[in-house]
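Trainee: So I've got this file, model29.txt, and it contains compact mmCIF, N, CA and C atoms and all ligand atoms:
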# COMPACT_ATOMS: atom_id res chain seq x y z
N MET O 1 -24.76 -5.89 -9.77
CA MET O 1 -24.75 -6.19 -8.33
C MET O 1 -24.29 -4.97 -7.54
N THR O 2 -24.90 -4.74 -6.42
CA THR O 2 -24.53 -3.60 -5.59
C THR O 2 -24.11 -4.08 -4.20
N ASN O 3 -23.64 -3.17 -3.40
CA ASN O 3 -23.28 -3.54 -2.03
C ASN O 3 -23.95 -2.60 -1.06
N LYS O 4 -23.68 -2.81 0.22
CA LYS O 4 -24.43 -2.06 1.24
C LYS O 4 -23.74 -0.78 1.70
N ILE O 5 -22.65 -0.43 1.09
CA ILE O 5 -21.96 0.78 1.53
C ILE O 5 -22.79 2.01 1.15
N LYS O 6 -23.03 2.85 2.12
CA LYS O 6 -23.86 4.03 1.88
C LYS O 6 -23.03 5.17 1.33
N HIS O 7 -23.60 5.82 0.34
CA HIS O 7 -22.98 7.03 -0.19
C HIS O 7 -23.97 8.18 -0.01
N ASP O 8 -23.85 8.85 1.12
CA ASP O 8 -24.75 9.98 1.40
C ASP O 8 -24.26 11.24 0.72
N GLU O 9 -23.06 11.17 0.19
CA GLU O 9 -22.48 12.30 -0.54
C GLU O 9 -21.89 11.78 -1.84
N PHE O 10 -21.73 12.68 -2.78
CA PHE O 10 -21.09 12.28 -4.04
C PHE O 10 -20.24 13.44 -4.54
N TYR O 11 -19.22 13.07 -5.29
CA TYR O 11 -18.36 14.07 -5.91
C TYR O 11 -18.89 14.32 -7.31
N PHE O 12 -19.16 15.58 -7.62
CA PHE O 12 -19.74 15.95 -8.92
C PHE O 12 -18.63 16.56 -9.77
N GLU O 13 -18.26 15.88 -10.86
CA GLU O 13 -17.09 16.33 -11.62
C GLU O 13 -17.33 17.64 -12.36
N VAL O 14 -18.59 18.05 -12.50
CA VAL O 14 -18.89 19.29 -13.21
C VAL O 14 -18.41 20.51 -12.42
N ASP O 15 -18.77 20.56 -11.12
CA ASP O 15 -18.31 21.70 -10.32
C ASP O 15 -17.16 21.32 -9.37
N LYS O 16 -16.76 20.04 -9.43
CA LYS O 16 -15.60 19.55 -8.69
C LYS O 16 -15.70 19.71 -7.17
N VAL O 17 -16.90 19.59 -6.66
CA VAL O 17 -17.06 19.55 -5.20
C VAL O 17 -18.02 18.43 -4.81
N ASN O 18 -18.04 18.13 -3.50
CA ASN O 18 -18.95 17.12 -3.00
C ASN O 18 -20.34 17.72 -2.76
N HIS O 19 -21.35 16.91 -3.03
CA HIS O 19 -22.73 17.32 -2.77
C HIS O 19 -23.40 16.25 -1.94
N GLU O 20 -24.48 16.64 -1.28
CA GLU O 20 -25.25 15.66 -0.51
C GLU O 20 -26.26 14.97 -1.41
N LEU O 21 -26.50 13.70 -1.10
CA LEU O 21 -27.47 12.89 -1.85
C LEU O 21 -28.83 13.59 -1.87
N ARG O 22 -29.15 14.25 -0.75
CA ARG O 22 -30.38 15.03 -0.59
C ARG O 22 -30.66 15.92 -1.82
N GLU O 23 -29.62 16.61 -2.28
CA GLU O 23 -29.76 17.51 -3.43
C GLU O 23 -30.27 16.76 -4.65
N MET O 24 -29.72 15.56 -4.86
CA MET O 24 -30.10 14.77 -6.01
C MET O 24 -31.54 14.29 -5.89
N ILE O 25 -31.93 13.95 -4.66
CA ILE O 25 -33.30 13.50 -4.43
C ILE O 25 -34.27 14.66 -4.70
N ASP O 26 -33.91 15.86 -4.27
CA ASP O 26 -34.75 17.03 -4.53
C ASP O 26 -34.89 17.26 -6.03
N PHE O 27 -33.76 17.16 -6.74
CA PHE O 27 -33.76 17.35 -8.18
C PHE O 27 -34.67 16.32 -8.85
N TYR O 28 -34.55 15.08 -8.37
CA TYR O 28 -35.34 13.96 -8.91
C TYR O 28 -36.84 14.23 -8.74
N SER O 29 -37.24 14.70 -7.54
CA SER O 29 -38.67 14.91 -7.33
C SER O 29 -39.20 16.11 -8.11
N LYS O 30 -38.31 17.04 -8.44
CA LYS O 30 -38.75 18.21 -9.23
C LYS O 30 -38.79 17.91 -10.72
N TYR O 31 -37.74 17.27 -11.22
CA TYR O 31 -37.58 17.14 -12.67
C TYR O 31 -37.71 15.72 -13.23
N GLY O 32 -37.67 14.71 -12.37
CA GLY O 32 -37.82 13.35 -12.86
C GLY O 32 -36.52 12.67 -13.25
N ARG O 33 -36.63 11.39 -13.55
CA ARG O 33 -35.46 10.55 -13.79
C ARG O 33 -34.67 10.94 -15.05
N ALA O 34 -35.38 11.26 -16.12
CA ALA O 34 -34.68 11.54 -17.38
C ALA O 34 -33.72 12.72 -17.23
N LYS O 35 -34.20 13.78 -16.60
CA LYS O 35 -33.34 14.95 -16.42
C LYS O 35 -32.24 14.70 -15.40
N LEU O 36 -32.59 13.86 -14.44
CA LEU O 36 -31.59 13.49 -13.43
C LEU O 36 -30.40 12.81 -14.11
N ASP O 37 -30.71 11.86 -14.99
CA ASP O 37 -29.66 11.14 -15.72
C ASP O 37 -28.82 12.09 -16.57
N VAL O 38 -29.48 13.01 -17.25
CA VAL O 38 -28.75 13.96 -18.09
C VAL O 38 -27.76 14.76 -17.25
N LYS O 39 -28.23 15.20 -16.09
CA LYS O 39 -27.38 16.04 -15.25
C LYS O 39 -26.25 15.27 -14.57
N TYR O 40 -26.57 14.07 -14.05
CA TYR O 40 -25.61 13.39 -13.17
C TYR O 40 -24.94 12.13 -13.73
N GLU O 41 -25.62 11.40 -14.58
CA GLU O 41 -25.09 10.09 -14.98
C GLU O 41 -23.69 10.18 -15.57
N GLY O 42 -22.80 9.35 -15.04
CA GLY O 42 -21.43 9.31 -15.54
C GLY O 42 -20.57 10.47 -15.05
N LYS O 43 -21.14 11.32 -14.18
CA LYS O 43 -20.40 12.49 -13.71
C LYS O 43 -20.23 12.50 -12.20
N ILE O 44 -20.65 11.43 -11.55
CA ILE O 44 -20.56 11.41 -10.09
C ILE O 44 -19.65 10.28 -9.61
N TYR O 45 -18.92 10.59 -8.53
CA TYR O 45 -17.90 9.67 -8.04
C TYR O 45 -17.94 9.57 -6.52
N CYS O 46 -17.26 8.57 -6.00
CA CYS O 46 -17.09 8.38 -4.55
C CYS O 46 -16.63 9.71 -3.93
N SER O 47 -17.32 10.14 -2.87
CA SER O 47 -17.02 11.43 -2.26
C SER O 47 -15.68 11.45 -1.53
N ILE O 48 -15.16 10.29 -1.20
CA ILE O 48 -13.91 10.22 -0.46
C ILE O 48 -12.69 10.26 -1.40
N CYS O 49 -12.63 9.33 -2.34
CA CYS O 49 -11.43 9.26 -3.19
C CYS O 49 -11.64 9.92 -4.56
N LYS O 50 -12.89 10.18 -4.91
CA LYS O 50 -13.22 10.84 -6.19
C LYS O 50 -12.79 10.04 -7.40
N GLN O 51 -12.61 8.73 -7.24
CA GLN O 51 -12.13 7.89 -8.34
C GLN O 51 -13.16 6.85 -8.78
N ALA O 52 -13.86 6.28 -7.82
CA ALA O 52 -14.81 5.21 -8.17
C ALA O 52 -16.13 5.82 -8.63
N PRO O 53 -16.59 5.50 -9.86
CA PRO O 53 -17.84 6.05 -10.36
C PRO O 53 -19.05 5.53 -9.57
N LEU O 54 -20.02 6.41 -9.34
CA LEU O 54 -21.22 6.01 -8.61
C LEU O 54 -22.36 5.71 -9.57
N ASN O 55 -23.16 4.75 -9.19
CA ASN O 55 -24.32 4.34 -9.96
C ASN O 55 -25.57 4.91 -9.28
N ILE O 56 -26.49 5.44 -10.06
CA ILE O 56 -27.71 6.02 -9.48
C ILE O 56 -28.77 4.92 -9.35
N ASN O 57 -29.17 4.62 -8.12
CA ASN O 57 -30.22 3.62 -7.89
C ASN O 57 -31.46 4.33 -7.37
N PHE O 58 -32.21 4.90 -8.27
CA PHE O 58 -33.40 5.63 -7.86
C PHE O 58 -34.65 4.89 -8.33
N GLY O 59 -35.51 4.60 -7.40
CA GLY O 59 -36.78 3.97 -7.75
C GLY O 59 -37.85 4.59 -6.88
N PRO O 60 -39.07 4.06 -6.99
CA PRO O 60 -40.17 4.62 -6.20
C PRO O 60 -39.91 4.56 -4.70
N LYS O 61 -39.26 3.49 -4.24
CA LYS O 61 -39.06 3.33 -2.80
C LYS O 61 -37.68 3.74 -2.34
N ARG O 62 -36.69 3.38 -3.11
CA ARG O 62 -35.32 3.52 -2.66
C ARG O 62 -34.59 4.57 -3.49
N LYS O 63 -33.86 5.42 -2.83
CA LYS O 63 -33.03 6.37 -3.56
C LYS O 63 -31.63 6.34 -2.97
N GLY O 64 -30.73 5.81 -3.73
CA GLY O 64 -29.37 5.70 -3.22
C GLY O 64 -28.34 5.68 -4.32
N LEU O 65 -27.09 5.72 -3.88
CA LEU O 65 -25.97 5.66 -4.81
C LEU O 65 -25.09 4.50 -4.41
N SER O 66 -24.51 3.85 -5.40
CA SER O 66 -23.62 2.75 -5.06
C SER O 66 -22.52 2.63 -6.11
N VAL O 67 -21.47 1.92 -5.72
CA VAL O 67 -20.41 1.63 -6.67
C VAL O 67 -20.64 0.21 -7.17
N LEU O 68 -20.77 0.06 -8.47
CA LEU O 68 -20.99 -1.27 -9.03
C LEU O 68 -19.82 -2.18 -8.70
N GLN O 69 -20.15 -3.47 -8.58
CA GLN O 69 -19.14 -4.47 -8.25
C GLN O 69 -17.89 -4.33 -9.14
N GLN O 70 -18.11 -4.17 -10.44
CA GLN O 70 -16.96 -4.12 -11.36
C GLN O 70 -16.14 -2.84 -11.23
N ASN O 71 -16.68 -1.85 -10.46
CA ASN O 71 -15.94 -0.61 -10.27
C ASN O 71 -15.31 -0.49 -8.88
N GLN O 72 -15.52 -1.51 -8.06
CA GLN O 72 -14.99 -1.46 -6.68
C GLN O 72 -13.48 -1.22 -6.66
N SER O 73 -12.78 -1.81 -7.62
CA SER O 73 -11.32 -1.69 -7.63
C SER O 73 -10.85 -0.29 -8.02
N LYS O 74 -11.80 0.55 -8.47
CA LYS O 74 -11.41 1.90 -8.86
C LYS O 74 -11.27 2.86 -7.68
N HIS O 75 -11.73 2.45 -6.50
CA HIS O 75 -11.48 3.25 -5.31
C HIS O 75 -9.97 3.36 -5.13
N LEU O 76 -9.52 4.51 -4.64
CA LEU O 76 -8.10 4.65 -4.34
C LEU O 76 -7.76 3.74 -3.17
N ASP O 77 -6.51 3.29 -3.11
CA ASP O 77 -6.08 2.46 -1.98
C ASP O 77 -6.33 3.22 -0.69
N GLY O 78 -6.95 2.53 0.26
CA GLY O 78 -7.17 3.14 1.57
C GLY O 78 -8.44 3.96 1.67
N CYS O 79 -9.20 4.06 0.59
CA CYS O 79 -10.47 4.81 0.64
C CYS O 79 -11.40 4.13 1.63
N SER O 80 -11.99 4.91 2.54
CA SER O 80 -12.81 4.30 3.59
C SER O 80 -14.09 3.68 3.03
N LYS O 81 -14.51 4.09 1.85
CA LYS O 81 -15.70 3.50 1.26
C LYS O 81 -15.38 2.15 0.63
N ALA O 82 -14.12 1.88 0.44
CA ALA O 82 -13.72 0.60 -0.15
C ALA O 82 -13.35 -0.41 0.92
N VAL O 83 -13.03 0.05 2.08
CA VAL O 83 -12.55 -0.83 3.15
C VAL O 83 -13.54 -1.93 3.48
N GLU O 84 -14.81 -1.52 3.62
CA GLU O 84 -15.82 -2.47 4.03
C GLU O 84 -15.93 -3.64 3.05
N GLU O 85 -15.80 -3.31 1.76
CA GLU O 85 -15.87 -4.34 0.74
C GLU O 85 -14.74 -5.34 0.90
N ALA O 86 -13.55 -4.83 1.16
CA ALA O 86 -12.39 -5.70 1.35
C ALA O 86 -12.62 -6.61 2.55
N ASN O 87 -13.17 -6.01 3.60
CA ASN O 87 -13.43 -6.80 4.80
C ASN O 87 -14.43 -7.92 4.54
N LYS O 88 -15.42 -7.59 3.72
CA LYS O 88 -16.43 -8.59 3.41
C LYS O 88 -15.79 -9.76 2.67
N LYS O 89 -14.90 -9.42 1.75
CA LYS O 89 -14.20 -10.45 1.00
C LYS O 89 -13.38 -11.33 1.94
N GLU O 90 -12.65 -10.64 2.85
CA GLU O 90 -11.83 -11.37 3.81
C GLU O 90 -12.69 -12.29 4.66
N THR O 91 -13.86 -11.78 5.08
CA THR O 91 -14.74 -12.57 5.92
C THR O 91 -15.23 -13.80 5.17
N ASN O 92 -15.60 -13.59 3.90
CA ASN O 92 -16.06 -14.72 3.10
C ASN O 92 -14.97 -15.77 2.98
N GLN O 93 -13.77 -15.30 2.75
CA GLN O 93 -12.64 -16.21 2.61
C GLN O 93 -12.44 -16.97 3.92
N PHE O 94 -12.58 -16.22 4.99
CA PHE O 94 -12.40 -16.76 6.33
C PHE O 94 -13.30 -17.97 6.55
N TYR O 95 -14.54 -17.88 6.07
CA TYR O 95 -15.50 -18.95 6.32
C TYR O 95 -15.58 -19.99 5.22
N SER O 96 -15.06 -19.62 4.02
CA SER O 96 -15.27 -20.56 2.93
C SER O 96 -14.12 -21.54 2.74
N GLU O 97 -13.04 -21.34 3.48
CA GLU O 97 -11.93 -22.26 3.32
C GLU O 97 -12.34 -23.68 3.72
N SER O 98 -11.76 -24.63 3.04
CA SER O 98 -12.19 -26.01 3.25
C SER O 98 -11.69 -26.59 4.57
N GLU O 99 -11.93 -27.83 4.79
CA GLU O 99 -11.58 -28.61 5.98
C GLU O 99 -11.86 -27.89 7.30
N LEU O 100 -13.08 -27.31 7.37
CA LEU O 100 -13.46 -26.61 8.59
C LEU O 100 -14.17 -27.58 9.54
N ASP O 101 -13.39 -28.37 10.26
CA ASP O 101 -14.04 -29.20 11.26
C ASP O 101 -14.28 -28.36 12.51
N LYS O 102 -14.94 -28.94 13.49
CA LYS O 102 -15.36 -28.16 14.65
C LYS O 102 -14.21 -27.50 15.41
N SER O 103 -13.17 -28.23 15.66
CA SER O 103 -12.07 -27.66 16.44
C SER O 103 -11.39 -26.55 15.66
N HIS O 104 -11.36 -26.73 14.36
CA HIS O 104 -10.77 -25.73 13.48
C HIS O 104 -11.56 -24.43 13.59
N ILE O 105 -12.87 -24.56 13.51
CA ILE O 105 -13.74 -23.39 13.63
C ILE O 105 -13.55 -22.72 14.98
N ASN O 106 -13.54 -23.52 16.02
CA ASN O 106 -13.37 -22.96 17.36
C ASN O 106 -12.07 -22.18 17.48
N LYS O 107 -11.03 -22.76 16.93
CA LYS O 107 -9.73 -22.10 17.00
C LYS O 107 -9.77 -20.76 16.27
N ARG O 108 -10.41 -20.77 15.12
CA ARG O 108 -10.52 -19.54 14.32
C ARG O 108 -11.35 -18.49 15.03
N LEU O 109 -12.43 -18.92 15.65
CA LEU O 109 -13.27 -17.99 16.39
C LEU O 109 -12.49 -17.38 17.56
N GLU O 110 -11.74 -18.23 18.24
CA GLU O 110 -10.91 -17.76 19.35
C GLU O 110 -9.95 -16.67 18.87
N LEU O 111 -9.32 -16.95 17.75
CA LEU O 111 -8.37 -15.98 17.18
C LEU O 111 -9.07 -14.67 16.83
N LEU O 112 -10.24 -14.81 16.26
CA LEU O 112 -11.01 -13.64 15.84
C LEU O 112 -11.39 -12.80 17.06
N ILE O 113 -11.92 -13.45 18.08
CA ILE O 113 -12.32 -12.75 19.31
C ILE O 113 -11.10 -12.08 19.93
N HIS O 114 -10.02 -12.82 19.95
CA HIS O 114 -8.79 -12.29 20.51
C HIS O 114 -8.35 -11.01 19.78
N SER O 115 -8.40 -11.07 18.43
CA SER O 115 -7.94 -9.90 17.66
C SER O 115 -8.91 -8.73 17.81
N LEU O 116 -10.21 -9.03 17.91
CA LEU O 116 -11.20 -7.97 18.13
C LEU O 116 -10.95 -7.31 19.49
N PHE O 117 -10.72 -8.16 20.49
CA PHE O 117 -10.48 -7.68 21.85
C PHE O 117 -9.24 -6.80 21.87
N ASN O 118 -8.20 -7.25 21.22
CA ASN O 118 -6.95 -6.48 21.19
C ASN O 118 -7.10 -5.13 20.49
N SER O 119 -7.87 -5.13 19.40
CA SER O 119 -8.01 -3.85 18.69
C SER O 119 -8.84 -2.88 19.53
N LYS O 120 -9.83 -3.42 20.28
CA LYS O 120 -10.61 -2.57 21.19
C LYS O 120 -9.70 -2.00 22.26
N LYS O 121 -8.84 -2.87 22.80
CA LYS O 121 -7.93 -2.44 23.87
C LYS O 121 -7.04 -1.31 23.38
N LEU O 122 -6.58 -1.46 22.13
CA LEU O 122 -5.69 -0.46 21.54
C LEU O 122 -6.42 0.88 21.42
N LEU O 123 -7.67 0.81 20.97
CA LEU O 123 -8.48 2.03 20.84
C LEU O 123 -8.65 2.69 22.19
N LEU O 124 -8.94 1.87 23.18
CA LEU O 124 -9.14 2.36 24.54
C LEU O 124 -7.88 3.04 25.04
N ARG O 125 -6.74 2.40 24.78
CA ARG O 125 -5.47 2.97 25.22
C ARG O 125 -5.22 4.33 24.56
N LYS O 126 -5.55 4.37 23.24
CA LYS O 126 -5.37 5.63 22.52
C LYS O 126 -6.26 6.71 23.12
N ARG O 127 -7.49 6.33 23.45
CA ARG O 127 -8.43 7.29 24.01
C ARG O 127 -7.93 7.79 25.36
N ILE O 128 -7.49 6.88 26.19
CA ILE O 128 -6.98 7.26 27.52
C ILE O 128 -5.81 8.22 27.38
N ARG O 129 -4.92 7.91 26.43
CA ARG O 129 -3.76 8.76 26.22
C ARG O 129 -4.18 10.18 25.83
N LYS O 130 -5.21 10.24 24.97
CA LYS O 130 -5.73 11.52 24.52
C LYS O 130 -6.28 12.32 25.72
N ILE O 131 -7.03 11.63 26.55
CA ILE O 131 -7.64 12.28 27.71
C ILE O 131 -6.56 12.78 28.67
N LEU O 132 -5.53 11.96 28.85
CA LEU O 132 -4.44 12.35 29.75
C LEU O 132 -3.73 13.60 29.22
N LYS O 133 -3.57 13.64 27.90
CA LYS O 133 -2.89 14.79 27.29
C LYS O 133 -3.71 16.07 27.46
N LEU O 134 -5.02 15.91 27.42
CA LEU O 134 -5.90 17.07 27.52
C LEU O 134 -5.96 17.65 28.92
N SER O 135 -5.80 16.78 29.92
CA SER O 135 -5.95 17.27 31.29
C SER O 135 -4.68 17.95 31.81
ZN ZN I 201 -13.60 5.76 -2.87
Would you mind writing the file out in structure tokens?
Mentor:
Amino acid sequence: MTNKIKHDEFYFEVDKVNHELREMIDFYSKYGRAKLDVKYEGKIYCSICKQAPLNINFGPKRKGLSVLQQNQSKHLDGCSKAVEEANKKETNQFYSESELDKSHINKRLELLIHSLFNSKKLLLRKRIRKILKLS
């Protein structure tokens, strides 16, 4: 199983730097899948935390990299590529809890909107503060 988090870059443990997915696609079109696997398989990791192994999903239509479900926990704490997954889990939990009658749902939605609004406000305040400091 894969997820929707995009990995446009990858960490290559051979030369210990990040590379763009583009490079891998170029390599693939020149040399094919077998050589691609020899060069990269098991040697590429999340470009942010360099801990979670990346899976090569290359086919005729789609060329991408992803972290397999069972490797999601290998991201370092706070890795931005892992955050979205955690949020998805939280969202699922949010909706899957039992005894969701209508008023319950409404209350939860209200809370959600409220928290979204507050986080936006906070961002806005931070931005304003930045602008004031610059002027
Ligand atoms: Zn990561």
Trainee: Can I get the residues of chain O within 6 Å of ligand ZN 201 (chain I), each with the closest pair of atoms and their distance in Å to one decimal, using only C-alpha atoms and all ligand atoms, sorted chain first then ascending number, as a tab-separated table?
Mentor:
residue	atom	partner	partner_atom	distance
O:Cys46	CA	I:ZN201	ZN	4.7
O:Ile48	CA	I:ZN201	ZN	5.1
O:Cys49	CA	I:ZN201	ZN	4.1
O:Ala52	CA	I:ZN201	ZN	5.5
O:His75	CA	I:ZN201	ZN	4.1
O:Leu76	CA	I:ZN201	ZN	5.8
O:Cys79	CA	I:ZN201	ZN	4.8
O:Lys81	CA	I:ZN201	ZN	5.2
O:Ala82	CA	I:ZN201	ZN	5.8
Trainee: Atoms to include: N, CA and C atoms. Write the selected residues as a PDB file, in the frame of the given file.
Mentor:
ATOM      1  N   CYS O  46     -17.260   8.570  -6.000  1.00  0.00           N
ATOM      2  CA  CYS O  46     -17.090   8.380  -4.550  1.00  0.00           C
ATOM      3  C   CYS O  46     -16.630   9.710  -3.930  1.00  0.00           C
ATOM      4  N   ILE O  48     -15.160  10.290  -1.200  1.00  0.00           N
ATOM      5  CA  ILE O  48     -13.910  10.220  -0.460  1.00  0.00           C
ATOM      6  C   ILE O  48     -12.690  10.260  -1.400  1.00  0.00           C
ATOM      7  N   CYS O  49     -12.630   9.330  -2.340  1.00  0.00           N
ATOM      8  CA  CYS O  49     -11.430   9.260  -3.190  1.00  0.00           C
ATOM      9  C   CYS O  49     -11.640   9.920  -4.560  1.00  0.00           C
ATOM     10  N   ALA O  52     -13.860   6.280  -7.820  1.00  0.00           N
ATOM     11  CA  ALA O  52     -14.810   5.210  -8.170  1.00  0.00           C
ATOM     12  C   ALA O  52     -16.130   5.820  -8.630  1.00  0.00           C
ATOM     13  N   HIS O  75     -11.730   2.450  -6.500  1.00  0.00           N
ATOM     14  CA  HIS O  75     -11.480   3.250  -5.310  1.00  0.00           C
ATOM     15  C   HIS O  75      -9.970   3.360  -5.130  1.00  0.00           C
ATOM     16  N   LEU O  76      -9.520   4.510  -4.640  1.00  0.00           N
ATOM     17  CA  LEU O  76      -8.100   4.650  -4.340  1.00  0.00           C
ATOM     18  C   LEU O  76      -7.760   3.740  -3.170  1.00  0.00           C
ATOM     19  N   CYS O  79      -9.200   4.060   0.590  1.00  0.00           N
ATOM     20  CA  CYS O  79     -10.470   4.810   0.640  1.00  0.00           C
ATOM     21  C   CYS O  79     -11.400   4.130   1.630  1.00  0.00           C
ATOM     22  N   LYS O  81     -14.510   4.090   1.850  1.00  0.00           N
ATOM     23  CA  LYS O  81     -15.700   3.500   1.260  1.00  0.00           C
ATOM     24  C   LYS O  81     -15.380   2.150   0.630  1.00  0.00           C
ATOM     25  N   ALA O  82     -14.120   1.880   0.440  1.00  0.00           N
ATOM     26  CA  ALA O  82     -13.720   0.600  -0.150  1.00  0.00           C
ATOM     27  C   ALA O  82     -13.350  -0.410   0.920  1.00  0.00           C
TER      28      ALA O  82
END
Trainee: Between O:Asn55, O:Leu116, O:Gly42, O:Asp8, which one has atoms that come closest to Val67 of chain O, using only C-alpha atoms?
Mentor: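 Smallest distance to Val67 of chain O is found for O:Asn55.
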Trainee: Please indicate the distance in Å from atom CA of Asp26 of chain O to atom CA of Tyr11 of chain O, rounded to one decimal place.
Mentor: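 Atom-to-atom, atom CA of Asp26 of chain O to atom CA of Tyr11 of chain O, that is 16.7 Å.
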Trainee: When you draw a straight line from atom CA of Gln72 of chain O to atom CA of His7 of chain O, how long is it in Å?
Mentor: 13.3 Å
Trainee: Hey, what does DSSP flag as helix (DSSP H, G or I) within segment 34-133 of chain O? Can you give it to me as number ranges by chain?
Mentor: O: 34-40, 69-74, 80-96, 102-133
Trainee: So that I can check the secondary structure, give me every residue of segment 18-129 of chain O assigned strand (DSSP E or B) by backbone DSSP, as a PyMOL selection string.
Mentor: chain O and resi 18-20+44-46+53+55-58+63-66
Trainee: Take atom CA of Leu68 of chain O and atom C of Leu54 of chain O and report the distance between them in Å, one decimal.
Mentor: 7.1 Å
Trainee: Of the candidates O:Gly32, O:Ser66, O:Lys74, O:Val38, which shows the shortest atom-to-atom distance to Gln51 of chain O, using only N, CA and C atoms?
Mentor: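 Checking each candidate against Gln51 of chain O, we get O:Lys74 as the closest.
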Trainee: Once N, CA, C and O atoms are restored for segment 19-30 of chain O, what would the output be as a PDB file, in the coordinates of the input?
Mentor:
ATOM      1  N   HIS O  19     -21.350  16.910  -3.030  1.00  0.00           N
ATOM      2  CA  HIS O  19     -22.730  17.320  -2.770  1.00  0.00           C
ATOM      3  C   HIS O  19     -23.400  16.250  -1.940  1.00  0.00           C
ATOM      4  O   HIS O  19     -23.000  15.097  -1.949  1.00  0.00           O
ATOM      5  N   GLU O  20     -24.480  16.640  -1.280  1.00  0.00           N
ATOM      6  CA  GLU O  20     -25.250  15.660  -0.510  1.00  0.00           C
ATOM      7  C   GLU O  20     -26.260  14.970  -1.410  1.00  0.00           C
ATOM      8  O   GLU O  20     -26.803  15.570  -2.334  1.00  0.00           O
ATOM      9  N   LEU O  21     -26.500  13.700  -1.100  1.00  0.00           N
ATOM     10  CA  LEU O  21     -27.470  12.890  -1.850  1.00  0.00           C
ATOM     11  C   LEU O  21     -28.830  13.590  -1.870  1.00  0.00           C
ATOM     12  O   LEU O  21     -29.562  13.550  -2.846  1.00  0.00           O
ATOM     13  N   ARG O  22     -29.150  14.250  -0.750  1.00  0.00           N
ATOM     14  CA  ARG O  22     -30.380  15.030  -0.590  1.00  0.00           C
ATOM     15  C   ARG O  22     -30.660  15.920  -1.820  1.00  0.00           C
ATOM     16  O   ARG O  22     -31.774  15.988  -2.319  1.00  0.00           O
ATOM     17  N   GLU O  23     -29.620  16.610  -2.280  1.00  0.00           N
ATOM     18  CA  GLU O  23     -29.760  17.510  -3.430  1.00  0.00           C
ATOM     19  C   GLU O  23     -30.270  16.760  -4.650  1.00  0.00           C
ATOM     20  O   GLU O  23     -31.106  17.250  -5.402  1.00  0.00           O
ATOM     21  N   MET O  24     -29.720  15.560  -4.860  1.00  0.00           N
ATOM     22  CA  MET O  24     -30.100  14.770  -6.010  1.00  0.00           C
ATOM     23  C   MET O  24     -31.540  14.290  -5.890  1.00  0.00           C
ATOM     24  O   MET O  24     -32.286  14.273  -6.873  1.00  0.00           O
ATOM     25  N   ILE O  25     -31.930  13.950  -4.660  1.00  0.00           N
ATOM     26  CA  ILE O  25     -33.300  13.500  -4.430  1.00  0.00           C
ATOM     27  C   ILE O  25     -34.270  14.660  -4.700  1.00  0.00           C
ATOM     28  O   ILE O  25     -35.317  14.464  -5.325  1.00  0.00           O
ATOM     29  N   ASP O  26     -33.910  15.860  -4.270  1.00  0.00           N
ATOM     30  CA  ASP O  26     -34.750  17.030  -4.530  1.00  0.00           C
ATOM     31  C   ASP O  26     -34.890  17.260  -6.030  1.00  0.00           C
ATOM     32  O   ASP O  26     -35.981  17.528  -6.537  1.00  0.00           O
ATOM     33  N   PHE O  27     -33.760  17.160  -6.740  1.00  0.00           N
ATOM     34  CA  PHE O  27     -33.760  17.350  -8.180  1.00  0.00           C
ATOM     35  C   PHE O  27     -34.670  16.320  -8.850  1.00  0.00           C
ATOM     36  O   PHE O  27     -35.464  16.637  -9.727  1.00  0.00           O
ATOM     37  N   TYR O  28     -34.550  15.080  -8.370  1.00  0.00           N
ATOM     38  CA  TYR O  28     -35.340  13.960  -8.910  1.00  0.00           C
ATOM     39  C   TYR O  28     -36.840  14.230  -8.740  1.00  0.00           C
ATOM     40  O   TYR O  28     -37.630  14.037  -9.659  1.00  0.00           O
ATOM     41  N   SER O  29     -37.240  14.700  -7.540  1.00  0.00           N
ATOM     42  CA  SER O  29     -38.670  14.910  -7.330  1.00  0.00           C
ATOM     43  C   SER O  29     -39.200  16.110  -8.110  1.00  0.00           C
ATOM     44  O   SER O  29     -40.377  16.184  -8.423  1.00  0.00           O
ATOM     45  N   LYS O  30     -38.310  17.040  -8.440  1.00  0.00           N
ATOM     46  CA  LYS O  30     -38.750  18.210  -9.230  1.00  0.00           C
ATOM     47  C   LYS O  30     -38.790  17.910 -10.720  1.00  0.00           C
ATOM     48  O   LYS O  30     -39.710  18.299 -11.428  1.00  0.00           O
TER      49      LYS O  30
END
